[in-house]
Structures are given as structure tokens and as C-alpha cells.
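Written below as C-alpha cells is the structure these notes are about.
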Amino acid sequence: METVSASVNILGRTYKLRVSAEDEEALRKAATTIDTQAKSYGKQYAYNDHQDLLAMVALTQITQLTKIQDSLRFKDTDLAQRLQSIDSVLEQILHPTQNSL
């Protein structure tokens, strides 16, 4: 796995990291999202402490991630149930005599 050097800027502070080449674009997007949200919170709530702003961003992002994970778990369960139902119907069609016993 090839690693590359990447520099990102969050709230006026530069962070230099080494990441896999395939993760670089995602890292840059994440840094931009963090920076944008933190600045927005700074204007909206008049916070001067960057740590408070970053904590608010982290809380917001993890809340959204948790909701997405919960939704995906529900969808996976729902999909599994539907596939079992389809499998049952197909079994009845393909093997009608076995199911009537």
C-alpha cells in the first residue's frame, strides 16, 4: 500500500499526515467538512475556543454516522428477511412435492 504526504488545514492550523494514496481524497474532504462546520459554529454561536468548535463538529458528525449505521443495520435485517421469503417461495415453486409432505 503506497502512502503519500498530505497537508490539511483546519481552523488555520496545518496538519501534515501520511495516508494511503487511496484515502487522500477522503481525508481532504473530511478536513474541509470539519473546517467549514467549525467556522459555521464559530459564527453561529460566537465561540472563540477552537477546542469547543471541534468538539461540536465531532459530536455532530458522530451523531450522523450513528444514525447511518443504525439505518444500515435495519436495512440489512430487512433485506435478509425479504431474501428468506423469496427463497421460501422459490423452494415451493422448484420443489412442490417436498413441501407438501
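Chain lettering (A, B, ...) mirrors the order of the C-alpha cells, residue numbering begins at 1 for each chain separately, and ligand numbering begins at 1 in order of display.
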
Expected answer as a ChimeraX atom specification: strand (DSSP E) residues in segment 15-97 of chain A = /A:15-20

Mind checking which residues fall within 12 Å of segment 53-67 of chain A, counting only C-alpha atoms, ignoring those fewer than 6 positions away in the same chain, and posting them as a list in words?
-> Ile10, Leu11, Ala30, Ala31, Thr32, Thr33, Ile34, Asp35, Thr36, Gln37, Ala38, Lys39, Ser40, Tyr41, Gly42, Lys43, Gln44, Tyr45, Ala46, Tyr47, Arg73 and Phe74 of chain A

So which one's closest to Arg13 of chain A, A:Arg28, A:Thr77, A:His50, A:Ser88? Using only C-alpha atoms, please.
->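 Closest residue, counting only C-alpha atoms: A:His50.
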
Determine, counting only C-alpha atoms, which protein, DNA and RNA residues have an atom within 8 Å of an atom of Ala21 of chain A; residues of the same chain fewer than 2 positions away are not included. Present the result as a VMD selection string.
-> chain A and resid 1 to 4 19 23 to 24

Include N, CA and C atoms and write out the residues we just selected as a PDB file, in the first residue's frame.
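Contents of part32.pdb, as written:
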ATOM      1  N   MET A   1       0.849  -1.173   0.000  1.00  0.00           N
ATOM      2  CA  MET A   1       0.000   0.000   0.000  1.00  0.00           C
ATOM      3  C   MET A   1       0.896   1.239   0.000  1.00  0.00           C
ATOM      4  N   GLU A   2       0.719   2.050  -0.979  1.00  0.00           N
ATOM      5  CA  GLU A   2       1.533   3.265  -1.114  1.00  0.00           C
ATOM      6  C   GLU A   2       0.986   4.362  -0.198  1.00  0.00           C
ATOM      7  N   THR A   3       1.895   5.017   0.525  1.00  0.00           N
ATOM      8  CA  THR A   3       1.480   6.150   1.349  1.00  0.00           C
ATOM      9  C   THR A   3       1.988   7.442   0.725  1.00  0.00           C
ATOM     10  N   VAL A   4       1.238   8.499   0.984  1.00  0.00           N
ATOM     11  CA  VAL A   4       1.598   9.821   0.477  1.00  0.00           C
ATOM     12  C   VAL A   4       1.537  10.818   1.618  1.00  0.00           C
ATOM     13  N   VAL A  19      -0.834   9.195   4.664  1.00  0.00           N
ATOM     14  CA  VAL A  19      -2.014   8.355   4.483  1.00  0.00           C
ATOM     15  C   VAL A  19      -1.844   7.501   3.240  1.00  0.00           C
ATOM     16  N   ASP A  23      -6.755   6.884   0.330  1.00  0.00           N
ATOM     17  CA  ASP A  23      -7.507   7.619   1.357  1.00  0.00           C
ATOM     18  C   ASP A  23      -7.290   9.130   1.309  1.00  0.00           C
ATOM     19  N   GLU A  24      -6.381   9.597   0.474  1.00  0.00           N
ATOM     20  CA  GLU A  24      -6.035  11.019   0.471  1.00  0.00           C
ATOM     21  C   GLU A  24      -7.222  11.913   0.145  1.00  0.00           C
TER      22      GLU A  24
END

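Across the structure, atom CA of Glu25 of chain A and atom CA of Asn48 of chain A are spaced 29.3 Å apart.
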
DSSP-assigned helix (DSSP H, G or I) among chain A, expressed as number ranges by chain | A: 21-45, 50-94, 96-99

Length of the atom CA of Gln92 of chain A to atom CA of Lys75 of chain A vector [Å] |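 Distance reported for this atom pair: 25.7 Å.
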
Record the distance separating atom CA of Gln69 of chain A and atom CA of Gln81 of chain A, expressed in Å with one decimal.
->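 Answer for the atom CA of Gln69 of chain A to atom CA of Gln81 of chain A separation: 18.4 Å.
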